[in-house]
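Undergrad: Dropping in start_13.cif, which is mmCIF, C-alpha atoms:
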data_model
#
loop_
_atom_site.label_atom_id
_atom_site.label_comp_id
_atom_site.auth_asym_id
_atom_site.auth_seq_id
_atom_site.Cartn_x
_atom_site.Cartn_y
_atom_site.Cartn_z
CA MET A 1 70.01 -43.91 -4.39
CA GLY A 2 70.27 -40.13 -4.14
CA SER A 3 68.00 -38.32 -1.68
CA GLN A 4 65.59 -41.24 -1.11
CA SER A 5 62.81 -38.67 -0.88
CA GLY A 6 60.97 -39.39 -4.14
CA LYS A 7 57.45 -40.71 -4.43
CA TYR A 8 58.77 -44.04 -5.71
CA ARG A 9 61.66 -45.60 -3.82
CA PHE A 10 62.21 -49.05 -5.26
CA LEU A 11 64.72 -51.84 -4.85
CA LEU A 12 65.00 -54.06 -7.92
CA ILE A 13 66.44 -57.48 -7.08
CA ASN A 14 67.96 -59.70 -9.75
CA ALA A 15 67.18 -63.39 -9.40
CA PHE A 16 70.80 -64.47 -8.80
CA SER A 17 74.39 -63.64 -9.57
CA LEU A 18 77.00 -65.99 -10.98
CA ALA A 19 80.59 -66.23 -9.82
CA PRO A 20 83.20 -64.32 -11.86
CA GLY A 21 84.44 -66.20 -14.88
CA SER A 22 81.29 -68.22 -15.45
CA ASP A 23 81.04 -69.59 -18.98
CA PHE A 24 77.27 -69.05 -18.78
CA GLN A 25 77.11 -65.37 -17.86
CA MET A 26 74.43 -63.41 -19.73
CA ARG A 27 74.62 -60.03 -17.98
CA ALA A 28 76.91 -58.00 -15.74
CA TYR A 29 76.92 -58.80 -12.01
CA SER A 30 78.95 -55.79 -10.93
CA GLY A 31 79.49 -52.18 -11.96
CA PRO A 32 76.87 -49.46 -12.46
CA LYS A 33 73.30 -50.47 -11.73
CA GLU A 34 72.31 -49.60 -15.29
CA ALA A 35 74.82 -52.14 -16.61
CA GLN A 36 73.44 -54.85 -14.32
CA LEU A 37 69.81 -54.31 -15.37
CA TYR A 38 69.08 -56.50 -18.39
CA ASN A 39 67.75 -54.46 -21.34
CA TYR A 40 68.20 -51.19 -19.44
CA ALA A 41 67.60 -49.11 -22.58
CA ASP A 42 64.06 -50.51 -22.83
CA VAL A 43 63.33 -49.94 -19.14
CA ALA A 44 65.04 -46.57 -18.58
CA SER A 45 62.03 -44.36 -19.32
CA PHE A 46 59.88 -46.38 -16.90
CA LEU A 47 62.41 -45.74 -14.13
CA ALA A 48 62.87 -42.04 -14.88
CA ASP A 49 60.55 -41.00 -12.03
CA VAL A 50 61.84 -43.66 -9.60
CA ASP A 51 64.63 -43.43 -7.03
CA TRP A 52 65.93 -46.95 -7.48
CA ASP A 53 68.66 -49.27 -6.37
CA LEU A 54 69.50 -52.62 -7.87
CA HIS A 55 70.69 -55.70 -6.01
CA PRO A 56 72.73 -58.03 -8.23
CA GLY A 57 71.04 -61.07 -6.72
CA ALA A 58 72.32 -63.53 -4.16
CA PRO A 59 75.27 -65.67 -5.33
CA ALA A 60 73.90 -68.78 -6.97
CA THR A 61 74.25 -71.97 -4.92
CA HIS A 62 72.66 -74.35 -7.43
CA GLY A 63 75.68 -74.03 -9.77
CA ASN A 64 77.43 -71.41 -11.87
CA TRP A 65 74.81 -71.23 -14.61
CA PRO A 66 71.34 -69.69 -15.20
CA VAL A 67 68.20 -71.09 -13.58
CA THR A 68 66.00 -73.51 -15.50
CA THR A 69 64.83 -76.46 -13.37
CA LYS A 70 62.37 -76.32 -10.48
CA ARG A 71 65.13 -77.37 -8.10
CA GLU A 72 67.21 -74.42 -9.25
CA PHE A 73 64.25 -72.04 -8.96
CA LEU A 74 63.71 -73.25 -5.38
CA SER A 75 67.35 -72.59 -4.50
CA VAL A 76 67.26 -69.09 -5.99
CA ALA A 77 63.96 -68.35 -4.21
CA ALA A 78 65.39 -69.24 -0.80
CA ASN A 79 68.55 -67.23 -1.41
CA ARG A 80 66.77 -64.00 -2.32
CA LEU A 81 64.39 -63.88 0.67
CA PRO A 82 67.01 -62.55 3.14
CA ILE A 83 67.69 -59.73 0.66
CA VAL A 84 63.98 -58.90 0.60
CA GLU A 85 63.81 -58.93 4.41
CA GLU A 86 66.85 -56.69 4.76
CA ALA A 87 65.45 -54.23 2.22
CA CYS A 88 62.16 -54.03 4.10
CA ARG A 89 63.89 -53.51 7.44
CA SER A 90 66.07 -50.74 6.03
CA GLY A 91 63.14 -48.36 5.64
CA LYS A 92 64.67 -47.04 2.40
CA TYR A 93 62.11 -48.46 -0.01
CA ASN A 94 58.36 -48.28 -0.51
CA ALA A 95 58.24 -51.15 -3.01
CA ILE A 96 60.32 -54.16 -4.02
CA VAL A 97 60.52 -55.41 -7.63
CA LEU A 98 61.69 -58.98 -8.16
CA LEU A 99 63.37 -59.48 -11.52
CA GLY A 100 63.52 -62.75 -13.42
CA GLY A 101 60.86 -64.32 -15.60
CA GLY A 102 60.01 -67.38 -13.51
CA ASP A 103 59.20 -65.36 -10.34
CA PRO A 104 61.42 -67.32 -7.92
CA GLY A 105 60.43 -66.60 -4.32
CA TYR A 106 57.62 -64.20 -5.21
CA MET A 107 54.86 -65.71 -3.08
CA GLU A 108 57.18 -66.00 -0.10
CA ALA A 109 58.44 -62.44 -0.63
CA ARG A 110 54.86 -61.22 -0.47
CA GLU A 111 54.55 -62.84 2.94
CA VAL A 112 57.77 -61.14 4.10
CA CYS A 113 56.87 -57.73 2.70
CA ARG A 114 53.32 -57.88 4.09
CA ASN A 115 54.82 -57.71 7.59
CA TYR A 116 56.29 -54.32 6.68
CA ARG A 117 53.31 -53.11 4.61
CA ILE A 118 55.52 -52.85 1.53
CA PRO A 119 54.21 -54.02 -1.86
CA VAL A 120 56.31 -56.40 -3.93
CA THR A 121 55.88 -57.24 -7.62
CA SER A 122 57.39 -59.72 -10.05
CA SER A 123 57.65 -60.17 -13.79
CA ALA A 124 55.29 -63.02 -14.67
CA HIS A 125 52.65 -62.15 -12.08
CA ALA A 126 52.53 -58.52 -13.25
CA GLN A 127 52.32 -59.50 -16.92
CA MET A 128 49.53 -62.00 -16.36
CA HIS A 129 47.40 -59.54 -14.42
CA LEU A 130 48.01 -56.68 -16.85
CA ALA A 131 47.07 -59.02 -19.71
CA GLY A 132 43.64 -59.31 -18.12
CA PHE A 133 43.12 -55.58 -18.68
CA LEU A 134 43.96 -55.96 -22.36
CA GLY A 135 42.23 -59.09 -23.59
CA ASN A 136 40.41 -62.27 -22.66
CA LYS A 137 43.30 -64.70 -23.01
CA PHE A 138 47.08 -64.48 -23.13
CA SER A 139 49.79 -66.81 -24.35
CA VAL A 140 53.31 -67.07 -22.96
CA VAL A 141 56.18 -67.09 -25.47
CA ASP A 142 59.04 -68.80 -23.68
CA ILE A 143 62.53 -70.10 -24.29
CA GLY A 144 62.78 -73.84 -23.67
CA GLU A 145 61.05 -77.02 -22.54
CA THR A 146 62.22 -77.11 -18.92
CA HIS A 147 61.64 -73.41 -18.36
CA ASN A 148 58.20 -73.80 -19.96
CA MET A 149 57.22 -76.08 -17.10
CA GLN A 150 58.18 -73.47 -14.51
CA MET A 151 55.90 -71.06 -16.34
CA TYR A 152 53.19 -73.76 -16.41
CA HIS A 153 53.59 -74.17 -12.66
CA ILE A 154 53.10 -70.48 -11.90
CA VAL A 155 50.14 -70.19 -14.29
CA VAL A 156 48.46 -72.82 -12.11
CA GLN A 157 49.70 -71.27 -8.86
CA TYR A 158 48.41 -67.83 -9.84
CA ARG A 159 45.04 -69.36 -10.80
CA MET A 160 45.40 -68.17 -14.38
CA THR A 161 44.50 -71.41 -16.14
CA ASP A 162 41.27 -69.91 -17.46
CA ARG A 163 43.15 -66.89 -18.82
CA CYS A 164 46.24 -68.60 -20.25
CA ALA A 165 45.59 -69.85 -23.77
CA SER A 166 48.96 -71.59 -24.13
CA ILE A 167 52.68 -71.61 -23.52
CA ARG A 168 54.57 -71.47 -26.81
CA ASN A 169 58.18 -72.69 -26.99
CA VAL A 170 60.77 -71.04 -29.28
CA ASN A 171 63.37 -73.64 -28.17
CA PHE A 172 66.30 -71.37 -27.37
CA PRO A 173 67.16 -72.72 -23.90
CA LEU A 174 69.50 -71.02 -21.45
CA PRO A 175 73.17 -71.99 -21.52
CA ARG A 176 74.18 -74.61 -18.96
CA PRO A 177 76.57 -77.56 -18.54
CA ASN A 178 76.09 -80.49 -20.91
CA HIS A 179 74.12 -78.28 -23.27
CA LEU A 180 75.77 -77.35 -26.55
CA ASN A 181 75.18 -73.62 -26.75
CA ASP A 182 74.90 -73.44 -30.54
CA ARG A 183 71.73 -71.33 -30.33
CA SER A 184 73.03 -68.50 -28.17
CA ILE A 185 70.32 -66.13 -26.97
CA GLN A 186 72.91 -63.37 -26.68
CA SER A 187 73.95 -63.83 -30.30
CA GLU A 188 70.31 -63.79 -31.40
CA ARG A 189 69.73 -60.58 -29.44
CA ASP A 190 72.84 -58.94 -30.86
CA ARG A 191 71.84 -59.77 -34.44
CA ALA A 192 68.37 -58.30 -33.92
CA MET A 193 69.82 -55.15 -32.33
CA GLN A 194 72.13 -54.71 -35.31
CA GLY A 195 69.29 -55.06 -37.80
CA GLY A 196 70.16 -58.59 -38.87
CA THR A 197 68.12 -61.77 -38.97
CA SER A 198 67.51 -63.44 -35.63
CA ASP A 199 66.24 -67.02 -35.67
CA MET A 200 64.94 -66.56 -32.12
CA LEU A 201 62.88 -63.55 -33.17
CA GLU A 202 61.56 -65.43 -36.20
CA ALA A 203 60.56 -68.32 -33.96
CA ALA A 204 58.84 -65.90 -31.56
CA VAL A 205 56.86 -64.37 -34.43
CA LYS A 206 55.85 -67.83 -35.68
CA GLU A 207 54.75 -69.04 -32.24
CA SER A 208 52.93 -65.79 -31.45
CA VAL A 209 50.93 -66.04 -34.67
CA ALA A 210 50.11 -69.67 -33.86
CA ALA A 211 49.05 -68.61 -30.35
CA ILE A 212 46.71 -66.03 -31.87
CA GLU A 213 45.32 -68.12 -34.73
CA ASP A 214 45.23 -71.56 -33.11
CA ASP A 215 45.03 -70.98 -29.34
CA GLY A 216 42.86 -67.88 -29.09
CA ALA A 217 45.42 -65.58 -27.49
CA GLU A 218 44.63 -61.86 -27.54
CA VAL A 219 47.73 -60.76 -25.60
CA ILE A 220 51.31 -62.07 -25.74
CA ILE A 221 53.54 -62.13 -22.68
CA LEU A 222 57.20 -63.15 -22.49
CA GLY A 223 58.39 -65.92 -20.16
CA CYS A 224 62.09 -65.88 -19.31
CA SER A 225 63.86 -62.56 -18.71
CA ALA A 226 66.37 -63.67 -21.33
CA ALA A 227 63.54 -63.24 -23.84
CA PHE A 228 62.39 -59.80 -22.68
CA TRP A 229 64.53 -58.14 -25.35
CA LEU A 230 62.08 -59.53 -27.91
CA GLN A 231 59.27 -57.17 -26.88
CA PRO A 232 59.79 -54.17 -29.18
CA PHE A 233 60.78 -56.37 -32.12
CA LEU A 234 57.90 -58.77 -31.67
CA GLN A 235 55.38 -55.95 -31.19
CA LYS A 236 56.56 -54.33 -34.42
CA ARG A 237 56.57 -57.55 -36.45
CA LEU A 238 53.07 -58.57 -35.35
CA ALA A 239 51.74 -55.10 -36.22
CA GLU A 240 53.38 -55.26 -39.65
CA ILE A 241 51.51 -58.44 -40.53
CA GLY A 242 48.23 -57.01 -39.25
CA TRP A 243 47.89 -58.45 -35.74
CA ASP A 244 46.85 -55.67 -33.35
CA VAL A 245 47.94 -57.57 -30.24
CA PRO A 246 49.72 -56.16 -27.16
CA VAL A 247 53.09 -57.72 -26.31
CA LEU A 248 54.08 -57.36 -22.66
CA GLU A 249 57.46 -57.67 -20.97
CA GLY A 250 58.18 -58.49 -17.35
CA CYS A 251 60.47 -55.80 -15.98
CA ARG A 252 58.42 -52.85 -17.21
CA ALA A 253 55.19 -54.54 -16.14
CA ALA A 254 56.54 -55.19 -12.63
CA VAL A 255 57.82 -51.62 -12.24
CA GLU A 256 54.53 -50.11 -13.36
CA MET A 257 52.54 -52.47 -11.13
CA ALA A 258 54.71 -51.41 -8.17
CA LYS A 259 53.92 -47.75 -8.93
CA THR A 260 50.21 -48.54 -9.01
CA LEU A 261 50.33 -50.26 -5.62
CA VAL A 262 52.27 -47.35 -4.11
CA ASN A 263 49.76 -44.88 -5.59
CA LEU A 264 46.85 -46.85 -4.15
CA GLY A 265 48.56 -47.23 -0.78
CA VAL A 266 47.96 -50.98 -0.64
CA ASP A 267 50.01 -54.14 -0.24
CA ALA A 268 49.17 -57.84 0.03
CA SER A 269 46.09 -58.95 1.96
CA GLY A 270 46.69 -59.99 5.54
CA LEU A 271 44.20 -62.79 5.00
CA ALA A 272 46.11 -64.20 2.03
CA PHE A 273 49.43 -63.74 3.85
CA PRO A 274 48.75 -63.84 7.60
CA GLY A 275 51.55 -63.28 10.08
CA ASP A 276 52.70 -65.99 12.48
CA GLN A 277 50.21 -64.77 15.13
CA PRO A 278 47.22 -63.24 13.31
CA VAL A 279 44.85 -61.19 15.46
CA LYS A 280 41.84 -62.73 13.73
CA TRP A 281 41.48 -66.22 12.29
CA ARG A 282 38.93 -67.89 10.03
CA ARG A 283 37.26 -71.21 10.75
CA ARG A 284 37.06 -72.18 7.09
CA LYS A 285 38.82 -71.43 3.81
CA VAL A 286 36.83 -72.06 0.63
CA PHE A 287 37.68 -72.20 -3.07
#
Can you give me the file's structure in the form of structure tokens?
TA:
Amino acid sequence: MGSQSGKYRFLLINAFSLAPGSDFQMRAYSGPKEAQLYNYADVASFLADVDWDLHPGAPATHGNWPVTTKREFLSVAANRLPIVEEACRSGKYNAIVLLGGGDPGYMEAREVCRNYRIPVTSSAHAQMHLAGFLGNKFSVVDIGETHNMQMYHIVVQYRMTDRCASIRNVNFPLPRPNHLNDRSIQSERDRAMQGGTSDMLEAAVKESVAAIEDDGAEVIILGCSAAFWLQPFLQKRLAEIGWDVPVLEGCRAAVEMAKTLVNLGVDASGLAFPGDQPVKWRRRKVF
């Protein structure tokens, strides 16, 4: 991390890492930090003023494939918390950014980081709150049925049901055993990057327009991190057909939210995330 003396000293933590040789690998899990950060070219300018390290993510224990089910999200969440704790104890960082679209372990990480007065941000949570600055309602464009339900779960958990217009499914699920990977997200991304036709991008445009016209969305956010590459393409396509609608993406949103919290000098509320022996306690919690 260089001198570690900058205003922003962040650790970015990937959700998990797969064992070498996995048939389901979608990014690098070793090598330069830039190579391990998905869509680094899109994020680079947002990290230009940050002294940052990247953790590849704890080795996956659910299996050697990406996370989709709630059981897998729970496993990944538990595995990344010791990394968060170690980072806080190190004294090297003044914010933690959790990568991954489904926010595994985010609420628990806030509890950990609160003990060290260090803010922590995550992709979906940051997008949803930023969307509130931009419009009345947002829709989530996401990759597949099972992952959609993780996004549904966190919309409820984050108390965003009155702000979320819908979750729209492009049906390009993550690769995993017993799933014929004939709709490869990587191939769709590569085609779009090379100026070709991407069926995943076309589906994202179609579902975004439906979210706007049918569901009342005024902002679009992206669900899975495997879909974050869509942001510049989707923003451009919607503008070309006349929809002046912001399209957000999780990594950049989480980084910028972390900067804001550092600038304000705040972290999570000690009432929302009390320690194991709080000095003060409340007789009643209301909704």
Undergrad: How many Å lie between CA of Tyr158 (chain A) and CA of Val43 (chain A), rounded to one decimal?
TA: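 Going from CA of Tyr158 (chain A) over to CA of Val43 (chain A), I get 25.1 Å.
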Undergrad: For this structure, which residues satisfy the selection - the PyMOL selection byres ((chain A and resi 60) around 10) - when it is evaluated on the file as given? I want them as a VMD selection string.
TA: chain A and resid 15 to 19 57 to 59 61 to 67 72 75 to 76 79 to 80
Undergrad: The PyMOL selection byres ((chain A and resi 120) around 7) on the file shown: which residues, as an NGL selection string?
TA: :A and (95-97 or 110 or 113 or 118-119 or 121 or 258)
Undergrad: Rounded to one decimal in Å, what is the spacing between CA of Tyr106 (chain A) and CA of Ala77 (chain A)?
TA: 7.6 Å
Undergrad: Put the listed atoms of region 225-232 of chain A in a box along x, y and z with 8 Å added on every side and give me the centre and edge lengths in Å to one decimal, as lines of an AutoDock Vina configuration file.
TA:
center_x = 62.8
center_y = -58.9
center_z = -23.9
size_x = 23.1
size_y = 25.5
size_z = 26.5
Undergrad: What's the 10 Å shell around Leu37 (chain A), counting only C-alpha atoms, without same-chain residues fewer than 3 positions away, as a short mmCIF file (atom, residue, chain, number, x, y, z; two decimals) with C-alpha atoms, in the coordinates of the input?
TA:
data_model
loop_
_atom_site.label_atom_id
_atom_site.label_comp_id
_atom_site.auth_asym_id
_atom_site.auth_seq_id
_atom_site.Cartn_x
_atom_site.Cartn_y
_atom_site.Cartn_z
CA LEU A 12 65.00 -54.06 -7.92
CA ILE A 13 66.44 -57.48 -7.08
CA ASN A 14 67.96 -59.70 -9.75
CA ARG A 27 74.62 -60.03 -17.98
CA ALA A 28 76.91 -58.00 -15.74
CA TYR A 29 76.92 -58.80 -12.01
CA PRO A 32 76.87 -49.46 -12.46
CA LYS A 33 73.30 -50.47 -11.73
CA GLU A 34 72.31 -49.60 -15.29
CA TYR A 40 68.20 -51.19 -19.44
CA ALA A 41 67.60 -49.11 -22.58
CA VAL A 43 63.33 -49.94 -19.14
CA ALA A 44 65.04 -46.57 -18.58
CA LEU A 54 69.50 -52.62 -7.87
CA HIS A 55 70.69 -55.70 -6.01
CA PRO A 56 72.73 -58.03 -8.23
CA LEU A 99 63.37 -59.48 -11.52
CA CYS A 251 60.47 -55.80 -15.98
#
Undergrad: With only C-alpha atoms as the basis for distance, which of A:Gly6, A:Pro20, A:Pro173, A:Gly101 is at the shortest distance from Ala253 (chain A)?
TA: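 Ranking A:Gly6, A:Pro20, A:Pro173, A:Gly101 by distance to Ala253 (chain A), first place goes to A:Gly101.
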Undergrad: Using all atoms listed in the file, pick whichever of A:Phe10, A:Phe133, A:Phe287, A:Tyr38 has the shortest atom-to-atom distance to Cys88 (chain A).
TA: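 The answer is A:Phe10, which sits nearest to Cys88 (chain A).
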Undergrad: Kindly give the distance, in Å, that separates CA of Val170 (chain A) and CA of Asp215 (chain A), rounded to a single decimal.
TA: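 Between CA of Val170 (chain A) and CA of Asp215 (chain A) the gap is 15.7 Å.
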Undergrad: Neighbouring residues of Gly223 (chain A) were defined as those with any atom within 9 Å, considering all atoms listed in the file; residues of the same chain fewer than 4 positions away were excluded. Please report them as a count of residues only.
TA: 16
Undergrad: The PyMOL selection byres ((chain A and resi 204) around 9) on the file shown: which residues, as number ranges by chain?
TA: A: 141-142, 168-170, 199-203, 205-209, 230, 234
Undergrad: Output C-alpha atoms for every residue in the selection just made, as a short mmCIF file (atom, residue, chain, number, x, y, z; two decimals), in the frame of the given file.
TA:
data_model
loop_
_atom_site.label_atom_id
_atom_site.label_comp_id
_atom_site.auth_asym_id
_atom_site.auth_seq_id
_atom_site.Cartn_x
_atom_site.Cartn_y
_atom_site.Cartn_z
CA VAL A 141 56.18 -67.09 -25.47
CA ASP A 142 59.04 -68.80 -23.68
CA ARG A 168 54.57 -71.47 -26.81
CA ASN A 169 58.18 -72.69 -26.99
CA VAL A 170 60.77 -71.04 -29.28
CA ASP A 199 66.24 -67.02 -35.67
CA MET A 200 64.94 -66.56 -32.12
CA LEU A 201 62.88 -63.55 -33.17
CA GLU A 202 61.56 -65.43 -36.20
CA ALA A 203 60.56 -68.32 -33.96
CA VAL A 205 56.86 -64.37 -34.43
CA LYS A 206 55.85 -67.83 -35.68
CA GLU A 207 54.75 -69.04 -32.24
CA SER A 208 52.93 -65.79 -31.45
CA VAL A 209 50.93 -66.04 -34.67
CA LEU A 230 62.08 -59.53 -27.91
CA LEU A 234 57.90 -58.77 -31.67
#
Undergrad: Taking a cut-off of 10 Å and counting only C-alpha atoms, can you build a table that, for each residue of region 5-116 of chain A near region 271-285 of chain A, reports the nearest atom pair and how far apart they are in Å (one decimal), sorted by chain then residue number, as CSV?
TA:
residue,atom,partner,partner_atom,distance
A:Met107,CA,A:Phe273,CA,9.0
A:Glu108,CA,A:Phe273,CA,9.0
A:Arg110,CA,A:Phe273,CA,7.4
A:Glu111,CA,A:Phe273,CA,5.3
A:Val112,CA,A:Phe273,CA,8.7
A:Cys113,CA,A:Phe273,CA,9.6
A:Arg114,CA,A:Phe273,CA,7.0
A:Asn115,CA,A:Gly275,CA,6.9
Undergrad: List every protein, DNA or RNA residue with an atom no more than 12 Å from (48.1, -60.3, -39.9) in the file's coordinates, counting all atoms listed in the file, and format the result as a PyMOL selection string.
TA: chain A and resi 205-206+208-210+212-213+236-245
Undergrad: Keeping only C-alpha atoms, take the residues you just selected and write them out as a compact mmCIF listing (two decimals), keeping the file's coordinate frame.
TA:
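Result saved to part-v5.txt:
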# COMPACT_ATOMS: atom_id res chain seq x y z
CA VAL A 205 56.86 -64.37 -34.43
CA LYS A 206 55.85 -67.83 -35.68
CA SER A 208 52.93 -65.79 -31.45
CA VAL A 209 50.93 -66.04 -34.67
CA ALA A 210 50.11 -69.67 -33.86
CA ILE A 212 46.71 -66.03 -31.87
CA GLU A 213 45.32 -68.12 -34.73
CA LYS A 236 56.56 -54.33 -34.42
CA ARG A 237 56.57 -57.55 -36.45
CA LEU A 238 53.07 -58.57 -35.35
CA ALA A 239 51.74 -55.10 -36.22
CA GLU A 240 53.38 -55.26 -39.65
CA ILE A 241 51.51 -58.44 -40.53
CA GLY A 242 48.23 -57.01 -39.25
CA TRP A 243 47.89 -58.45 -35.74
CA ASP A 244 46.85 -55.67 -33.35
CA VAL A 245 47.94 -57.57 -30.24
Undergrad: Considering all atoms listed in the file, state which residue in the set A:Lys137, A:Phe73, A:Met26, A:Glu145 is at the smallest distance from Ile185 (chain A).
TA: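 Once distances to Ile185 (chain A) are computed over all atoms listed in the file, the minimum belongs to A:Met26.
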Undergrad: Give the answer as one residue: which of A:Tyr116, A:Trp229, A:Tyr8, A:Phe24 has the shortest atom-to-atom distance to Arg252 (chain A), using all atoms listed in the file?
TA: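 Closest candidate: A:Trp229.
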Undergrad: Pick the closest to Arg117 (chain A) from A:Ser269, A:Asn136, A:Ser198, A:Asn171: which is it, counting all atoms listed in the file?
TA: A:Ser269
Undergrad: Put region 127-170 of chain A into a file with C-alpha atoms, as a PDB file, in the first residue's frame.
TA:
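decode.pdb written:
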ATOM      1  CA  GLN A 127     -26.271   1.701  -4.423  1.00  0.00           C
ATOM      2  CA  MET A 128     -29.664   1.632  -2.727  1.00  0.00           C
ATOM      3  CA  HIS A 129     -28.891   4.622  -0.541  1.00  0.00           C
ATOM      4  CA  LEU A 130     -27.339   6.630  -3.368  1.00  0.00           C
ATOM      5  CA  ALA A 131     -30.404   5.870  -5.489  1.00  0.00           C
ATOM      6  CA  GLY A 132     -32.451   7.730  -2.886  1.00  0.00           C
ATOM      7  CA  PHE A 133     -30.513  10.900  -3.710  1.00  0.00           C
ATOM      8  CA  LEU A 134     -31.331  10.517  -7.399  1.00  0.00           C
ATOM      9  CA  GLY A 135     -34.965   9.493  -7.640  1.00  0.00           C
ATOM     10  CA  ASN A 136     -38.019   8.234  -5.809  1.00  0.00           C
ATOM     11  CA  LYS A 137     -37.761   4.561  -6.734  1.00  0.00           C
ATOM     12  CA  PHE A 138     -35.075   2.237  -8.053  1.00  0.00           C
ATOM     13  CA  SER A 139     -35.142  -1.132  -9.754  1.00  0.00           C
ATOM     14  CA  VAL A 140     -32.483  -3.822  -9.503  1.00  0.00           C
ATOM     15  CA  VAL A 141     -31.319  -5.427 -12.756  1.00  0.00           C
ATOM     16  CA  ASP A 142     -29.937  -8.805 -11.738  1.00  0.00           C
ATOM     17  CA  ILE A 143     -28.602 -12.005 -13.241  1.00  0.00           C
ATOM     18  CA  GLY A 144     -30.719 -15.005 -12.274  1.00  0.00           C
ATOM     19  CA  GLU A 145     -33.653 -16.361 -10.289  1.00  0.00           C
ATOM     20  CA  THR A 146     -31.795 -17.637  -7.220  1.00  0.00           C
ATOM     21  CA  HIS A 147     -29.558 -14.583  -6.967  1.00  0.00           C
ATOM     22  CA  ASN A 148     -32.664 -12.397  -7.365  1.00  0.00           C
ATOM     23  CA  MET A 149     -33.958 -13.780  -4.086  1.00  0.00           C
ATOM     24  CA  GLN A 150     -30.772 -12.802  -2.256  1.00  0.00           C
ATOM     25  CA  MET A 151     -31.303  -9.285  -3.571  1.00  0.00           C
ATOM     26  CA  TYR A 152     -34.965  -9.483  -2.472  1.00  0.00           C
ATOM     27  CA  HIS A 153     -33.795 -10.510   0.992  1.00  0.00           C
ATOM     28  CA  ILE A 154     -31.455  -7.549   1.416  1.00  0.00           C
ATOM     29  CA  VAL A 155     -34.023  -5.080   0.036  1.00  0.00           C
ATOM     30  CA  VAL A 156     -36.230  -6.184   2.934  1.00  0.00           C
ATOM     31  CA  GLN A 157     -33.350  -6.253   5.426  1.00  0.00           C
ATOM     32  CA  TYR A 158     -32.263  -2.739   4.479  1.00  0.00           C
ATOM     33  CA  ARG A 159     -35.873  -1.514   4.808  1.00  0.00           C
ATOM     34  CA  MET A 160     -35.951  -0.441   1.176  1.00  0.00           C
ATOM     35  CA  THR A 161     -39.251  -2.027   0.187  1.00  0.00           C
ATOM     36  CA  ASP A 162     -40.877   1.384  -0.238  1.00  0.00           C
ATOM     37  CA  ARG A 163     -38.020   2.534  -2.475  1.00  0.00           C
ATOM     38  CA  CYS A 164     -37.483  -0.596  -4.572  1.00  0.00           C
ATOM     39  CA  ALA A 165     -39.849  -0.667  -7.536  1.00  0.00           C
ATOM     40  CA  SER A 166     -38.809  -4.141  -8.708  1.00  0.00           C
ATOM     41  CA  ILE A 167     -36.091  -6.687  -9.280  1.00  0.00           C
ATOM     42  CA  ARG A 168     -35.727  -7.446 -12.980  1.00  0.00           C
ATOM     43  CA  ASN A 169     -34.125 -10.712 -14.119  1.00  0.00           C
ATOM     44  CA  VAL A 170     -31.976 -10.926 -17.286  1.00  0.00           C
TER      45      VAL A 170
END
